[in-house]
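Below is one structure, written out as structure tokens, with a few remarks after it.
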Amino acid sequence: MLIQQNVPLAPLTTLGVGGPAQFFSEIHTPEDAIEAIRFARSRKLPVFVLGGGSNLVVADKGWPGLVIKVAISGIQMNDDGEQLRLEAGAGEDWDKLVAHAVEQDCSGIECLSGIPGSVGGTPVQNVGAYGQEVSETIQSVIALDFNTLEIRELSREDCGFSYRASIFNTKKRGRYIVLKVVYALARGGAPKIAYADLQKYFTGAATPPTLLQVRKAVRKIRAGKGMLISSADPDCRSAGSFFKNPVLSAEQFEELTRRASALNLKIPSYPALETHHKVSAAWLVENSGFQKGFGAGRAGISHKHALAIVNRGGASAAEIIELKENIQQKVKEIWNVSLEPEPVLVGF
Ligand code: EPU
């Protein structure tokens, strides 16, 4: 296993900002992972585990330790007629896995088409879009325990999934390196068309859409929002949504609604957690003076979606963070809502 020094991290992320890793190692097997951890321990280096780099902001000073880039490949299929179990290496490209599932006529992840990043990142932040979350189909996660260097299989319950969260990015952050993920998909299942954008897309269709048609529709909708990676689209040089959609208590929601109706506005919201309301962060950003296309400098807001902060070319992490803070401050001032960043901030 090769350990490199001073490796630039910006090119390994979709946002494209930030400095180098002091040490860098690409791992292809669980044994490589163990060796890399032993190297870090022997030098008392902090470790950061990098997947597809699609949800990260790396600090300008980089990472003062070892970055482990997970490149474990392989997709295995296990079919019992009704369910297809797909066991995928954490380094596999996520969208390739979705394409594979759809080709096999299996439902459960079709709405998650076109999401950038790797398989290993999906359980960490419980990736979700267009009415599906990976927590609905993840059967287990095979991970290396950082403390004991043992490989463990964690069940869906063990993973403690909730909106954009799991034990891997909350109470057990830094404890595990995801090596493989097992998804249980329904053979011949119908696609899920729950999200408004998707329902609108298929309005008037004579027959129910196939899994492949849903995959194509999701990719098209994502492309329209600058959320599909394409070298031709400068609006996709981002880390996806920069803020989580806030989940508000009944009282907080009432206050927000009052503030909005005083201005003759209505905020998009969805019921959440029985008594709570999830509100649109994109709406809050846009209605706090940060319209689509905002910003004259190197860091700005996507022309296609108010929730994506984009690197217009040559931006520093500091410029991205400055814009993030301005947005948070204004949203708090006007709406009394705290926006929480959605990407992982590395080395700050
Ligand atoms: N909206 C605006 N301005 C905009 C865009 C949207 O006001 O520029 C309002 C619209 O009223 C719209 C509502 O916000 O009805 C929701 O917008 P959208 O459907 O684009 O979804 P989102 O809530 O902004 C979430 C996820 C996305 C995911 C989409 C689709 C979060 C933080 N983001 O975005 O995930 O693709 O739903 O399911 O939950 C990501 O996590 O990086 C990500 C891209």
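To be explicit about the labels: the chains of the structure tokens are called A, B, and onward in the order shown, and within each one the residues are counted from 1, while ligands get numbers from 1 in the order they are shown.
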Hey, what does DSSP flag as strand (DSSP E) within segment 75-246 of chain A? Can you give it to me as a PyMOL selection string? chain A and resi 75-79+83-89+106-107+128-129+132-133+138-145+151-155+176-187
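Using only C-alpha atoms, the protein and nucleic acid residues lying no more than 10 Å from Ala71 of chain A, apart from those fewer than 6 places from it along its own chain, are Ser25, Glu26, Ile27, His28, Thr29, Leu50, Gly51, Gly52, Gly89, Ala90, Gly91, Glu92, Asp93, Ser118, Gly120 and Leu179 of chain A.
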Spatial neighbours of Phe23 of chain A, max dist 7 Å, only C-alpha atoms, sep filter under 2 positions, as number ranges by chain: A: 3-6, 21, 25, 65-67
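Distance annotation: of A:Ile320, A:Gly117, A:Ala282, A:Cys111, the residue with the minimal separation from Leu212 of chain A is A:Cys111; atom set is only C-alpha atoms.
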Show me, as a ChimeraX atom specification, the residues that have an atom within 6 Å of Leu228 of chain A when counting only C-alpha atoms, minus same-chain residues fewer than 3 positions from it. /A:114,222-223
Next, write the just-selected residues to a file, as a short mmCIF file (atom, residue, chain, number, x, y, z; two decimals), in the first residue's frame, keeping N, CA, C and O atoms as the atom set.
```cif
data_model
loop_
_atom_site.label_atom_id
_atom_site.label_comp_id
_atom_site.auth_asym_id
_atom_site.auth_seq_id
_atom_site.Cartn_x
_atom_site.Cartn_y
_atom_site.Cartn_z
N GLY A 114 -28.41 9.57 -10.31
CA GLY A 114 -27.71 10.82 -10.61
C GLY A 114 -27.08 11.51 -9.42
O GLY A 114 -26.55 12.61 -9.55
N ARG A 222 -32.74 16.50 -11.96
CA ARG A 222 -31.50 16.89 -11.27
C ARG A 222 -30.66 17.81 -12.15
O ARG A 222 -30.11 18.81 -11.67
N ALA A 223 -30.55 17.45 -13.45
CA ALA A 223 -29.74 18.27 -14.37
C ALA A 223 -30.31 19.69 -14.43
O ALA A 223 -29.56 20.67 -14.42
#
```
Identify all residues of segment 81-189 of chain A in alpha helix (DSSP H) (DSSP on the backbone) and supply them as a PyMOL selection string. chain A and resi 94-103+121-124+156-159
